[in-house]
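Take a look at the structure below.
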Amino acid sequence: MDHRHASDPPPPWKAAGYRIQLAREADLPRLAEVERAAARQFPGRLIPPAQRAGVVPLAVLREARDEERLWVALSPAGLPVGFAVAGTCDGDAFLIELDVHPAHQCLGLGRALVARVVQWARTAGYAALALTTFASLPWNAPFYARLGFQALVPGACGPALAERLAAEARLGLRERVAMRLSLR
């Protein structure tokens with residue numbers, strides 16, 4: 001996913017002193033605020049007010065951290081300002097959540113976090129990485145498309161991925177799409 005050459009300057013996040021690493025226990029309580037701040041960037045027509053406060057449960061984060069499938073973007077001060085959590089769905093790797101605090105966006109941290117998830121998925125032997133996202137927002141489906149993900153038509157989704165989309169619709173999330181990146 002990183003197509004830079006050795007002579008290219010470092011990405012903005014690295015040049016500014018940010019780092020990407022596996023999450024530590026101390027990072028976990030801070031991730032909810034990152035997620036809530038990122039959710040405030042979405043238009044109300046896509047996320048109902050009741051869902052804006054929802055976050056990945058601490059137990060899910062802790063399990064992902066214990067299984068080394070939760071990464072954080074740390075600010076130069078060492079505080080978490082972004083995170084990505086991965087799991088599985090229909091036999092593929094699955095990006096459960098990706099968030100970067102708005103005050104730290106546009107540095108390439110989201111791209112770097114996705115790259116870590118892709119690296120994990122390849123190392124684990126998955127054929128693909130799937131996710132669900134908003135179809136029309138520039139920092140959602142179009143962002144993932146630039147990274148090589150392809151939108152799936154509903155019939156191309158496996159049963160668990162189709163159920164994820166249906167569950168998101170039941171929660172009131174609108175304009176959702178499933179996407180998949182082939183890793184082979």
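Just so we're on the same page: first chain in the structure tokens is A, next is B, and so on; residues restart at 1 for each chain, and ligands are numbered from 1 in the order they show up.
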Would you list the contacts of region 15-23 of chain A as a list in words, taking every protein, DNA or RNA residue within 6 Å and counting only C-alpha atoms, but skipping same-chain residues closer than 2 positions in sequence?
->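 In the requested form, the answer reads Pro10, Pro12, Trp13, Arg65, Leu70, Trp71, Val72, Ala73, Leu74, Ser75 and Pro76 of chain A.
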Would you kindly return, as a PyMOL selection string, each protein, DNA or RNA residue with an atom no farther than 12 Å from any atom of Ala169 (chain A), considering only C-alpha atoms and excluding same-chain residues fewer than 3 positions away?
-> chain A and resi 46-48+51+132-134+162-166+172-177
Next, dump the selected residues to file, keeping only C-alpha atoms, as an mmCIF file, in the first residue's frame.
```
data_model
loop_
_atom_site.group_PDB
_atom_site.id
_atom_site.type_symbol
_atom_site.label_atom_id
_atom_site.label_comp_id
_atom_site.auth_asym_id
_atom_site.auth_seq_id
_atom_site.Cartn_x
_atom_site.Cartn_y
_atom_site.Cartn_z
ATOM 1 C CA LEU A 46 -26.337 9.563 7.507
ATOM 2 C CA ILE A 47 -26.017 8.909 11.238
ATOM 3 C CA PRO A 48 -28.982 9.346 13.578
ATOM 4 C CA GLN A 51 -25.771 6.475 17.027
ATOM 5 C CA THR A 132 -18.534 -1.294 5.366
ATOM 6 C CA THR A 133 -18.554 2.465 4.913
ATOM 7 C CA PHE A 134 -20.574 5.432 3.714
ATOM 8 C CA ALA A 162 -24.815 -8.817 4.115
ATOM 9 C CA GLU A 163 -26.117 -9.115 7.696
ATOM 10 C CA ARG A 164 -23.685 -6.388 8.846
ATOM 11 C CA LEU A 165 -25.099 -4.039 6.217
ATOM 12 C CA ALA A 166 -28.654 -4.964 7.227
ATOM 13 C CA GLY A 172 -30.497 4.037 11.035
ATOM 14 C CA LEU A 173 -27.196 4.348 9.154
ATOM 15 C CA ARG A 174 -27.812 5.426 5.550
ATOM 16 C CA GLU A 175 -25.947 5.088 2.253
ATOM 17 C CA ARG A 176 -23.774 2.217 3.446
ATOM 18 C CA VAL A 177 -21.772 0.047 1.083
#
```
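The residues of region 77-160 of chain A that DSSP assigns to alpha helix (DSSP H) on this backbone come out as Leu109, Gly110, Arg111, Ala112, Leu113, Val114, Ala115, Arg116, Val117, Val118, Gln119, Trp120, Ala121, Arg122, Thr123, Ala141, Pro142, Phe143, Tyr144, Ala145, Arg146, Pro159 and Ala160 of chain A.
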Take the residues that were just selected and, keeping C-alpha atoms, output them as a PDB file, in the first residue's frame.
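again-v7.pdb written:
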```pdb
ATOM      1  CA  LEU A 109      -2.837   8.685   9.518  1.00  0.00           C
ATOM      2  CA  GLY A 110      -5.945   6.918   8.158  1.00  0.00           C
ATOM      3  CA  ARG A 111      -3.974   5.577   5.197  1.00  0.00           C
ATOM      4  CA  ALA A 112      -1.182   4.436   7.547  1.00  0.00           C
ATOM      5  CA  LEU A 113      -3.654   2.664   9.829  1.00  0.00           C
ATOM      6  CA  VAL A 114      -5.267   0.889   6.864  1.00  0.00           C
ATOM      7  CA  ALA A 115      -1.798  -0.167   5.711  1.00  0.00           C
ATOM      8  CA  ARG A 116      -1.187  -1.782   9.120  1.00  0.00           C
ATOM      9  CA  VAL A 117      -4.474  -3.674   8.876  1.00  0.00           C
ATOM     10  CA  VAL A 118      -3.586  -4.828   5.346  1.00  0.00           C
ATOM     11  CA  GLN A 119      -0.170  -5.982   6.587  1.00  0.00           C
ATOM     12  CA  TRP A 120      -1.813  -7.929   9.432  1.00  0.00           C
ATOM     13  CA  ALA A 121      -4.357  -9.505   7.068  1.00  0.00           C
ATOM     14  CA  ARG A 122      -1.681 -10.565   4.560  1.00  0.00           C
ATOM     15  CA  THR A 123       0.542 -11.985   7.285  1.00  0.00           C
ATOM     16  CA  ALA A 141     -15.843   4.952   0.068  1.00  0.00           C
ATOM     17  CA  PRO A 142     -13.851   7.243  -2.279  1.00  0.00           C
ATOM     18  CA  PHE A 143     -10.903   7.154   0.170  1.00  0.00           C
ATOM     19  CA  TYR A 144     -10.973   3.353   0.290  1.00  0.00           C
ATOM     20  CA  ALA A 145     -11.351   3.170  -3.514  1.00  0.00           C
ATOM     21  CA  ARG A 146      -8.106   5.152  -3.840  1.00  0.00           C
ATOM     22  CA  PRO A 159     -23.979 -13.844   4.453  1.00  0.00           C
ATOM     23  CA  ALA A 160     -22.217 -12.254   7.435  1.00  0.00           C
TER      24      ALA A 160
END
```
So how many Å separate CA of Ala37 (chain A) and CA of His101 (chain A), to one decimal?
-> 5.9 Å
Identify, with DSSP run on backbone atoms, the residues in chain A assigned to strand (DSSP E or B), and express the list as a ChimeraX atom specification.
-> /A:19-22,70-74,80-89,92-100,128-134,150-151,176-182
Keeping only N, CA and C atoms, write those residues as a tab-separated table (two decimals), in the first residue's frame.
```tsv
chain	number	residue	atom	x	y	z
A	19	ARG	N	3.31	8.32	15.37
A	19	ARG	CA	3.68	6.92	15.16
A	19	ARG	C	2.44	6.05	15.14
A	20	ILE	N	2.58	4.93	14.45
A	20	ILE	CA	1.52	3.91	14.40
A	20	ILE	C	2.08	2.68	15.10
A	21	GLN	N	1.32	2.13	16.02
A	21	GLN	CA	1.78	0.94	16.73
A	21	GLN	C	0.59	0.16	17.26
A	22	LEU	N	0.87	-1.04	17.73
A	22	LEU	CA	-0.17	-1.82	18.39
A	22	LEU	C	-0.62	-1.07	19.64
A	70	LEU	N	-5.42	-4.40	16.96
A	70	LEU	CA	-5.84	-3.04	17.26
A	70	LEU	C	-4.58	-2.16	17.23
A	71	TRP	N	-4.61	-1.17	16.34
A	71	TRP	CA	-3.48	-0.26	16.17
A	71	TRP	C	-3.92	1.15	16.50
A	72	VAL	N	-2.98	1.93	17.02
A	72	VAL	CA	-3.27	3.33	17.34
A	72	VAL	C	-2.29	4.23	16.60
A	73	ALA	N	-2.78	5.42	16.28
A	73	ALA	CA	-1.93	6.51	15.80
A	73	ALA	C	-1.67	7.37	17.02
A	74	LEU	N	-0.41	7.54	17.36
A	74	LEU	CA	-0.04	8.33	18.53
A	74	LEU	C	0.49	9.69	18.09
A	80	PRO	N	-3.17	8.76	21.93
A	80	PRO	CA	-3.88	8.20	20.78
A	80	PRO	C	-4.77	9.26	20.13
A	81	VAL	N	-4.61	9.41	18.81
A	81	VAL	CA	-5.43	10.35	18.04
A	81	VAL	C	-6.13	9.64	16.88
A	82	GLY	N	-5.93	8.35	16.77
A	82	GLY	CA	-6.59	7.55	15.74
A	82	GLY	C	-6.42	6.09	16.08
A	83	PHE	N	-7.27	5.26	15.47
A	83	PHE	CA	-7.13	3.82	15.70
A	83	PHE	C	-7.83	3.04	14.60
A	84	ALA	N	-7.40	1.80	14.47
A	84	ALA	CA	-8.03	0.84	13.56
A	84	ALA	C	-8.13	-0.48	14.29
A	85	VAL	N	-9.29	-1.11	14.19
A	85	VAL	CA	-9.50	-2.42	14.80
A	85	VAL	C	-9.97	-3.36	13.70
A	86	ALA	N	-9.37	-4.54	13.67
A	86	ALA	CA	-9.68	-5.53	12.64
A	86	ALA	C	-10.27	-6.79	13.27
A	87	GLY	N	-10.97	-7.51	12.45
A	87	GLY	CA	-11.55	-8.80	12.84
A	87	GLY	C	-11.73	-9.63	11.59
A	88	THR	N	-12.75	-10.47	11.58
A	88	THR	CA	-13.02	-11.30	10.41
A	88	THR	C	-14.51	-11.27	10.09
A	89	CYS	N	-14.81	-11.58	8.83
A	89	CYS	CA	-16.19	-11.64	8.37
A	89	CYS	C	-16.22	-12.50	7.10
A	92	ASP	N	-12.94	-13.50	5.44
A	92	ASP	CA	-12.01	-12.43	5.07
A	92	ASP	C	-11.62	-11.66	6.32
A	93	ALA	N	-10.52	-10.94	6.23
A	93	ALA	CA	-10.21	-9.96	7.27
A	93	ALA	C	-11.26	-8.85	7.13
A	94	PHE	N	-11.55	-8.17	8.22
A	94	PHE	CA	-12.59	-7.14	8.21
A	94	PHE	C	-12.11	-5.94	9.03
A	95	LEU	N	-12.23	-4.77	8.45
A	95	LEU	CA	-11.91	-3.53	9.17
A	95	LEU	C	-13.15	-3.12	9.95
A	96	ILE	N	-13.12	-3.37	11.24
A	96	ILE	CA	-14.28	-3.10	12.10
A	96	ILE	C	-14.49	-1.61	12.27
A	97	GLU	N	-13.42	-0.89	12.53
A	97	GLU	CA	-13.53	0.55	12.79
A	97	GLU	C	-12.21	1.22	12.45
A	98	LEU	N	-12.31	2.41	11.88
A	98	LEU	CA	-11.15	3.26	11.60
A	98	LEU	C	-11.57	4.68	11.93
A	99	ASP	N	-10.85	5.34	12.82
A	99	ASP	CA	-11.15	6.71	13.19
A	99	ASP	C	-9.87	7.49	13.40
A	100	VAL	N	-9.89	8.74	12.97
A	100	VAL	CA	-8.82	9.69	13.27
A	100	VAL	C	-9.50	10.95	13.80
A	128	ALA	N	-8.56	-11.46	1.41
A	128	ALA	CA	-9.12	-10.14	1.19
A	128	ALA	C	-9.37	-9.44	2.51
A	129	LEU	N	-9.52	-8.12	2.41
A	129	LEU	CA	-9.91	-7.28	3.54
A	129	LEU	C	-11.21	-6.60	3.14
A	130	ALA	N	-12.24	-6.77	3.94
A	130	ALA	CA	-13.55	-6.18	3.67
A	130	ALA	C	-13.86	-5.11	4.71
A	131	LEU	N	-14.85	-4.28	4.41
A	131	LEU	CA	-15.30	-3.25	5.33
A	131	LEU	C	-16.67	-2.77	4.88
A	132	THR	N	-17.33	-2.03	5.75
A	132	THR	CA	-18.53	-1.29	5.37
A	132	THR	C	-18.26	0.18	5.64
A	133	THR	N	-18.84	1.04	4.81
A	133	THR	CA	-18.55	2.47	4.91
A	133	THR	C	-19.67	3.26	4.26
A	134	PHE	N	-19.60	4.57	4.38
A	134	PHE	CA	-20.57	5.43	3.71
A	134	PHE	C	-20.17	5.61	2.25
A	150	GLN	N	-12.77	-2.22	-3.70
A	150	GLN	CA	-13.84	-2.16	-4.68
A	150	GLN	C	-15.17	-2.35	-3.98
A	151	ALA	N	-16.16	-1.53	-4.39
A	151	ALA	CA	-17.51	-1.67	-3.83
A	151	ALA	C	-18.11	-2.98	-4.30
A	176	ARG	N	-24.91	3.09	3.12
A	176	ARG	CA	-23.77	2.22	3.45
A	176	ARG	C	-23.48	1.29	2.28
A	177	VAL	N	-22.22	0.95	2.13
A	177	VAL	CA	-21.77	0.05	1.08
A	177	VAL	C	-20.68	-0.86	1.66
A	178	ALA	N	-20.62	-2.08	1.15
A	178	ALA	CA	-19.53	-2.99	1.51
A	178	ALA	C	-18.44	-2.86	0.45
A	179	MET	N	-17.19	-2.96	0.90
A	179	MET	CA	-16.06	-2.88	-0.02
A	179	MET	C	-15.08	-3.99	0.32
A	180	ARG	N	-14.28	-4.35	-0.66
A	180	ARG	CA	-13.32	-5.45	-0.49
A	180	ARG	C	-12.04	-5.14	-1.23
A	181	LEU	N	-10.92	-5.45	-0.60
A	181	LEU	CA	-9.59	-5.32	-1.19
A	181	LEU	C	-9.00	-6.72	-1.31
A	182	SER	N	-8.69	-7.13	-2.53
A	182	SER	CA	-8.04	-8.43	-2.73
A	182	SER	C	-6.60	-8.32	-2.24
```
